[in-house]
Structure formats: C-alpha cells, structure tokens
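Asks: Below is a structure I'd like to ask you about.
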Amino acid sequence: MLTSVFGNSTVILKTKLGYVKGISSSFTFNNYSRNYNEFRNIPFAKPPVGGLRFHQPVPYGAWSDIYDATRFGPSCIQSVNGIVDQYVPNTNTSEDCLVLNIYVPSGFSESNAKSVIIWVHGGGYYLGQGMFYDGSFLSSIGDVIVFWRGSNSVTIAGQSAGAFSVALQALNPANKGLFHRVIAQSGASNSVIAMSTAARKNAKLLSRTVHCNDSLTKETLACLRNKTVKQLLEAFNTIPTSTYTINNSTDVYFDIPFAPVIDGVFL
C-alpha cells in the first residue's frame, strides 16, 4: 500500500497490482467511534471458468483501471435452499468467486504495521461464504488486519472445513515463512473427514450422471468443462452421503463428498 485518498466514504489505495477503491466506514463501540476501511471482492486468482474450471488457481495479475472493491461479489456455486438459505446472506452464486474481503483499520501505514488474520470459512468444502463473516469489528477494536500481505505476524485461521484447510496448510514445508501461526477451530488435519478416500469414486459417479465417461482422463475433463453449472450442481446433489462411526465409538461422523486428496500436488 503506497497512498490513500479519502472522500465521499470511499478510499483509494495504490497497490503493486493497481489502484483499488474501497469503503471508509465507522461504527460506535462503548461511546467511541471506530474507523476502518473495507475492500470487497478482491480477486486472488483468475476466474475458474471455461478452460480453468477444475484447474489449480492461476494468479490474477495486474489491472489498469481503478478496481471497484465497494461491493460484495457472488458466493461460490452451492445449493442454497431449505435450512441453508436461512443463514447464508448472499444467494448470488458464481464460479467466479476466488476473491478476498479485506478489513483494515484506518490510519494503517507501512510504518504502523499490524498483525494479520486470514480467515477460511467452514461448510464441508462446498458451502459457506466470506460475506457471512464481518471482519470490521475485529480489525477496528483489535490490533489486527483481516488479511494483509507483508506483515511479519500472519495467522491463518478457520472453522470446521476451514480448520481442516489451515491445519493441512501448516503441514506443507513449501509454506514456510508465509504465515506464523494457525488457529484451527473445530477441526484438525488428522480428522477422519479432513481428507477424502472416496473422491475418485464420487468423481466417476458425477461424470456418469452428466453423461461424461468415467475414465477420469483428459476427455472426461473436457466433457465436464462443457457442462453447465446447473448440470454439475444437480449431479453433485445426487451423490449419496452417509453417517458412520469408527472403532465402535459413539461419535457419529458424516461424509464430505469432495475433500482434499493425497495425489502428490499440494494446493
């Protein structure tokens, strides 16, 4: 972050990738006004559509115009119905959802560095959204920026499947130096459902359901990339899940249809 200009409840920052326009906001806590800046829907990778569907994320790159970060973007594709739509505030969904919502206390500068929390929401790897988690209070009251690159104190945190995700990232030697602490709430890397042993079986089932071959070859991938979001989501919803116990335990576990797998590539 190099410069900032305030006016009309907006803030414009100059970053390494280009200018970003966000929102300058405030709220009152204990009769004291707290100010913060909010930047919504900042892309961290190119939209995973077309040939990038089911591809590892590709860096977004720079932009020439001022990026409008004043509005929330869509949530990732998911079934929003029944109980779910009662607690998911954003029912607008899209494959183009690889974005961050960033909350920064007003007055932050490179000479006044803050600790950073990167939050990964839960939802079984297929439900949830960042919009459900408002980081304004934490960034304003605490000595924290909810996501900011460049700090010497970075914590990755998550809940449920988000906890699985950050705990697994902590095991990757290639991540050394990228973050310094991990907070895993209600989840751990050795959880029975943190990783999947049924991903190949479920991938074949999904492929057959949308009338692609189940050989899981390049031809299968090309076929799946040509299917509509509606077709894939409907097929996903037909994959059976079940509950089960382990080693005669009374604890009940449930299946997650698609989860991280051990395949030699760490994403």
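By order of appearance in the structure tokens: chains A, B, ..., then residues from 1 within every chain, and ligands from 1 in the order shown.
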Determine, counting only C-alpha atoms, which protein, DNA and RNA residues have an atom within 9 Å of an atom of segment 17-33 of chain A; residues of the same chain fewer than 6 positions away are not included. Present the result as a list in words.

Replies: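 Near neighbours after the sequence-gap exclusion: Phe6, Gly7, Asn8, Ser9, Thr10, Val11, Phe39, Arg40, Ile42, Gly61, Ala62, Trp63, Ser64, Asp65, Ile66, Tyr67, Asp68, Ala69, Thr70, Arg71, Ser106, Ser136, Phe137, Ser140 and Ile141 of chain A.
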
Asks: Write out as a PyMOL selection string which residues come within 10 Å of segment 180-197 of chain A when counting only C-alpha atoms, dropping same-chain ones fewer than 2 positions away.

Replies: chain A and resi 116-120+122+124-125+152-171+175-178+199-202+246+253-262

Asks: Suppose we keep N, CA and C atoms; can you now write the selection as a CSV table (one decimal), in the first residue's frame?

Replies:
chain,number,residue,atom,x,y,z
A,116,VAL,N,-1.9,-9.9,11.2
A,116,VAL,CA,-2.9,-10.2,10.1
A,116,VAL,C,-3.5,-11.5,10.4
A,117,ILE,N,-4.8,-11.6,10.2
A,117,ILE,CA,-5.6,-12.9,10.3
A,117,ILE,C,-6.2,-13.2,8.9
A,118,ILE,N,-5.9,-14.3,8.4
A,118,ILE,CA,-6.6,-14.8,7.1
A,118,ILE,C,-7.5,-15.9,7.5
A,119,TRP,N,-8.8,-15.6,7.3
A,119,TRP,CA,-9.9,-16.5,7.8
A,119,TRP,C,-10.4,-17.3,6.6
A,120,VAL,N,-10.5,-18.6,6.9
A,120,VAL,CA,-11.1,-19.6,5.9
A,120,VAL,C,-12.4,-20.1,6.5
A,122,GLY,N,-15.9,-22.3,7.1
A,122,GLY,CA,-16.2,-23.7,7.0
A,122,GLY,C,-17.4,-24.0,6.1
A,124,GLY,N,-18.0,-27.7,5.0
A,124,GLY,CA,-17.8,-29.0,4.3
A,124,GLY,C,-17.1,-29.0,3.0
A,125,TYR,N,-16.4,-27.9,2.7
A,125,TYR,CA,-15.7,-27.7,1.4
A,125,TYR,C,-16.6,-27.3,0.3
A,152,ASN,N,4.8,-9.2,9.4
A,152,ASN,CA,5.7,-10.2,10.0
A,152,ASN,C,4.9,-11.1,11.0
A,153,SER,N,3.6,-10.9,11.1
A,153,SER,CA,2.8,-11.6,12.0
A,153,SER,C,1.5,-12.0,11.3
A,154,VAL,N,1.5,-13.2,10.7
A,154,VAL,CA,0.4,-13.6,9.9
A,154,VAL,C,-0.2,-14.9,10.5
A,155,THR,N,-1.5,-14.9,10.8
A,155,THR,CA,-2.1,-16.1,11.4
A,155,THR,C,-3.2,-16.6,10.4
A,156,ILE,N,-3.2,-17.8,10.0
A,156,ILE,CA,-4.2,-18.4,9.2
A,156,ILE,C,-5.2,-19.1,10.2
A,157,ALA,N,-6.5,-18.9,10.0
A,157,ALA,CA,-7.5,-19.4,10.9
A,157,ALA,C,-8.7,-19.9,10.2
A,158,GLY,N,-9.4,-20.9,10.7
A,158,GLY,CA,-10.5,-21.4,10.1
A,158,GLY,C,-11.4,-22.2,11.0
A,159,GLN,N,-12.6,-22.5,10.6
A,159,GLN,CA,-13.6,-23.2,11.4
A,159,GLN,C,-14.1,-24.4,10.6
A,160,SER,N,-14.2,-25.6,11.2
A,160,SER,CA,-14.7,-26.8,10.6
A,160,SER,C,-13.9,-27.1,9.3
A,161,ALA,N,-14.4,-27.1,8.1
A,161,ALA,CA,-13.6,-27.4,7.0
A,161,ALA,C,-12.5,-26.4,6.8
A,162,GLY,N,-12.8,-25.2,7.2
A,162,GLY,CA,-11.8,-24.1,7.2
A,162,GLY,C,-10.6,-24.5,8.1
A,163,ALA,N,-11.0,-25.1,9.3
A,163,ALA,CA,-9.9,-25.6,10.2
A,163,ALA,C,-9.1,-26.7,9.5
A,164,PHE,N,-9.8,-27.6,8.8
A,164,PHE,CA,-9.1,-28.7,8.1
A,164,PHE,C,-8.1,-28.0,7.2
A,165,SER,N,-8.6,-27.0,6.4
A,165,SER,CA,-7.7,-26.4,5.4
A,165,SER,C,-6.5,-25.8,6.0
A,166,VAL,N,-6.6,-25.0,7.0
A,166,VAL,CA,-5.5,-24.3,7.6
A,166,VAL,C,-4.5,-25.3,8.3
A,167,ALA,N,-5.1,-26.3,8.9
A,167,ALA,CA,-4.2,-27.3,9.5
A,167,ALA,C,-3.4,-28.1,8.5
A,168,LEU,N,-4.0,-28.4,7.4
A,168,LEU,CA,-3.3,-29.1,6.3
A,168,LEU,C,-2.2,-28.2,5.7
A,169,GLN,N,-2.5,-26.9,5.6
A,169,GLN,CA,-1.5,-25.9,5.1
A,169,GLN,C,-0.3,-25.9,6.0
A,170,ALA,N,-0.5,-26.0,7.3
A,170,ALA,CA,0.6,-26.0,8.2
A,170,ALA,C,1.5,-27.1,8.1
A,171,LEU,N,1.1,-28.2,7.4
A,171,LEU,CA,1.9,-29.4,7.2
A,171,LEU,C,2.8,-29.3,5.9
A,175,ASN,N,5.2,-23.8,2.6
A,175,ASN,CA,4.6,-22.6,3.1
A,175,ASN,C,5.4,-21.9,4.2
A,176,LYS,N,6.6,-22.4,4.4
A,176,LYS,CA,7.5,-21.8,5.5
A,176,LYS,C,7.7,-20.4,5.2
A,177,GLY,N,7.4,-19.5,6.2
A,177,GLY,CA,7.6,-18.1,6.1
A,177,GLY,C,6.4,-17.3,5.6
A,178,LEU,N,5.4,-18.0,5.0
A,178,LEU,CA,4.2,-17.4,4.5
A,178,LEU,C,3.2,-17.0,5.7
A,199,ALA,N,-13.0,-39.7,-3.3
A,199,ALA,CA,-13.1,-38.6,-4.3
A,199,ALA,C,-13.1,-39.2,-5.7
A,200,ARG,N,-12.3,-40.3,-6.0
A,200,ARG,CA,-12.3,-40.9,-7.3
A,200,ARG,C,-13.6,-41.5,-7.6
A,201,LYS,N,-14.2,-42.3,-6.6
A,201,LYS,CA,-15.5,-42.9,-6.8
A,201,LYS,C,-16.6,-41.9,-7.1
A,202,ASN,N,-16.6,-40.8,-6.3
A,202,ASN,CA,-17.6,-39.8,-6.5
A,202,ASN,C,-17.4,-39.0,-7.8
A,246,ILE,N,-16.6,-44.9,14.0
A,246,ILE,CA,-15.3,-45.5,13.8
A,246,ILE,C,-14.9,-46.2,15.1
A,253,TYR,N,-19.9,-39.6,12.6
A,253,TYR,CA,-19.3,-38.8,11.5
A,253,TYR,C,-20.1,-38.8,10.3
A,254,PHE,N,-19.9,-37.8,9.4
A,254,PHE,CA,-20.6,-37.8,8.2
A,254,PHE,C,-19.7,-37.6,7.0
A,255,ASP,N,-20.1,-38.0,5.8
A,255,ASP,CA,-19.3,-38.0,4.6
A,255,ASP,C,-19.3,-36.5,4.1
A,256,ILE,N,-18.1,-36.2,3.5
A,256,ILE,CA,-18.0,-35.0,2.7
A,256,ILE,C,-17.7,-35.5,1.3
A,257,PRO,N,-18.6,-35.2,0.3
A,257,PRO,CA,-18.4,-35.8,-1.0
A,257,PRO,C,-17.1,-35.6,-1.6
A,258,PHE,N,-16.6,-34.3,-1.6
A,258,PHE,CA,-15.3,-34.0,-2.2
A,258,PHE,C,-14.5,-33.2,-1.2
A,259,ALA,N,-13.2,-33.7,-0.9
A,259,ALA,CA,-12.3,-33.1,0.0
A,259,ALA,C,-10.9,-33.3,-0.5
A,260,PRO,N,-9.9,-32.7,0.1
A,260,PRO,CA,-8.5,-32.8,-0.3
A,260,PRO,C,-8.1,-34.3,-0.4
A,261,VAL,N,-7.3,-34.6,-1.4
A,261,VAL,CA,-6.8,-36.0,-1.5
A,261,VAL,C,-5.3,-36.0,-1.6
A,262,ILE,N,-4.7,-37.1,-1.3
A,262,ILE,CA,-3.3,-37.3,-1.4
A,262,ILE,C,-2.9,-37.7,-2.9

Asks: Between atom CA of Pro57 of chain A and atom CA of Asp263 of chain A, measure the distance and give it in Å to one decimal.

Replies: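 These two atoms are separated by 16.6 Å.
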
Asks: What are the DSSP helix (DSSP H, G or I) residues of segment 37-114 of chain A, as a list of chain:residue names?

Replies: A:Gly50, A:Gly51, A:Leu52, A:Val84, A:Asp85, A:Gln86

Asks: Extract the full set of strand (DSSP E) residues from segment 26-254 of chain A according to DSSP on the backbone, and format it as a PyMOL selection string.

Replies: chain A and resi 26-29+32-43+67-68+75-76+93-94+99-105+115-120+144-146+154-159+181-185+243-244+253-254

Asks: Which one of A:Asn172, A:Gln78, A:Ser207, A:Gly123 sits closest to Lys230 of chain A if you count only C-alpha atoms?

Replies: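 Smallest separation from Lys230 of chain A among the options: A:Gln78.
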
Asks: Write out as a PyMOL selection string each polymer residue whose atoms come within 8 Å of Asp96 of chain A, counting only C-alpha atoms; drop sequence neighbours fewer than 5 positions from it.

Replies: chain A and resi 47-49+74+76

Asks: Near Cys212 of chain A, within 12 Å and counting only C-alpha atoms, which residues show up once chain neighbours fewer than 2 positions away are dropped, as a PyMOL selection string?

Replies: chain A and resi 203-210+214-227+231-232+235

Asks: Go ahead and write the selection's residues with C-alpha atoms as a PDB file, in the first residue's frame.

Replies:
ATOM      1  CA  ALA A 203     -15.891 -38.123  -9.451  1.00  0.00           C
ATOM      2  CA  LYS A 204     -16.789 -41.137 -11.593  1.00  0.00           C
ATOM      3  CA  LEU A 205     -20.370 -41.045 -10.338  1.00  0.00           C
ATOM      4  CA  LEU A 206     -20.696 -37.341 -11.078  1.00  0.00           C
ATOM      5  CA  SER A 207     -19.219 -37.834 -14.560  1.00  0.00           C
ATOM      6  CA  ARG A 208     -21.674 -40.593 -15.408  1.00  0.00           C
ATOM      7  CA  THR A 209     -24.586 -38.538 -14.085  1.00  0.00           C
ATOM      8  CA  VAL A 210     -23.850 -35.692 -16.532  1.00  0.00           C
ATOM      9  CA  ASP A 214     -15.900 -42.094 -16.102  1.00  0.00           C
ATOM     10  CA  SER A 215     -12.338 -42.862 -17.175  1.00  0.00           C
ATOM     11  CA  LEU A 216     -11.167 -39.634 -15.498  1.00  0.00           C
ATOM     12  CA  THR A 217      -8.972 -38.780 -18.472  1.00  0.00           C
ATOM     13  CA  LYS A 218      -8.407 -35.517 -20.361  1.00  0.00           C
ATOM     14  CA  GLU A 219     -11.529 -36.375 -22.345  1.00  0.00           C
ATOM     15  CA  THR A 220     -13.537 -36.596 -19.121  1.00  0.00           C
ATOM     16  CA  LEU A 221     -12.219 -33.213 -18.016  1.00  0.00           C
ATOM     17  CA  ALA A 222     -13.047 -31.615 -21.360  1.00  0.00           C
ATOM     18  CA  CYS A 223     -16.575 -33.016 -21.166  1.00  0.00           C
ATOM     19  CA  LEU A 224     -17.098 -31.726 -17.614  1.00  0.00           C
ATOM     20  CA  ARG A 225     -15.870 -28.276 -18.629  1.00  0.00           C
ATOM     21  CA  ASN A 226     -18.562 -28.148 -21.291  1.00  0.00           C
ATOM     22  CA  LYS A 227     -21.391 -28.855 -18.846  1.00  0.00           C
ATOM     23  CA  GLN A 231     -25.984 -29.669 -14.628  1.00  0.00           C
ATOM     24  CA  LEU A 232     -22.955 -30.106 -12.374  1.00  0.00           C
ATOM     25  CA  ALA A 235     -25.329 -34.081 -10.309  1.00  0.00           C
TER      26      ALA A 235
END

Asks: Return the single residue from A:Phe236, A:Leu98, A:Phe72, A:Asn41 that is closest to Pro59 of chain A, with distances computed using only C-alpha atoms.

Replies: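 Comparing A:Phe236, A:Leu98, A:Phe72, A:Asn41 against Pro59 of chain A, the winner is A:Leu98.
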
Asks: Would you compute the distance between atom CA of Ile77 of chain A and atom CA of Val58 of chain A? Give it in Å to one decimal.

Replies: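 We find that atom CA of Ile77 of chain A and atom CA of Val58 of chain A lie 18.7 Å from each other.
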
Asks: Using only C-alpha atoms, which protein or nucleic acid residues come within 9 Å of Gly107 of chain A? Drop anything in the same chain fewer than 5 positions from it, and give the result as an mmCIF file with N, CA and C atoms, in the first residue's frame.

Replies:
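Output file result10.cif follows:
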data_model
loop_
_atom_site.group_PDB
_atom_site.id
_atom_site.type_symbol
_atom_site.label_atom_id
_atom_site.label_comp_id
_atom_site.auth_asym_id
_atom_site.auth_seq_id
_atom_site.Cartn_x
_atom_site.Cartn_y
_atom_site.Cartn_z
ATOM 1 N N ASN A 35 -13.001 3.593 13.255
ATOM 2 C CA ASN A 35 -12.939 3.746 11.809
ATOM 3 C C ASN A 35 -12.168 2.586 11.178
ATOM 4 N N TYR A 36 -12.612 2.188 10.016
ATOM 5 C CA TYR A 36 -11.927 1.108 9.301
ATOM 6 C C TYR A 36 -12.185 1.252 7.808
ATOM 7 N N ASN A 112 3.347 1.557 10.468
ATOM 8 C CA ASN A 112 2.488 1.210 11.605
ATOM 9 C C ASN A 112 1.862 -0.150 11.332
#

Asks: Using only C-alpha atoms, which residue out of A:Leu52, A:Leu233, A:Ala113, A:Cys97 lies closest to Gly73 of chain A?

Replies: A:Cys97

Asks: As an exercise, work out the distance from atom CA of Tyr126 of chain A to atom CA of Phe179 of chain A in Å and give it to one decimal place.

Replies: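 Straight-line distance from atom CA of Tyr126 of chain A to atom CA of Phe179 of chain A works out to 24.7 Å.
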
Asks: Taking only C-alpha atoms into account, name the residue in A:Thr241, A:Thr93, A:Lys46, A:Val229 that is nearest to Gly128 of chain A.

Replies: A:Thr93
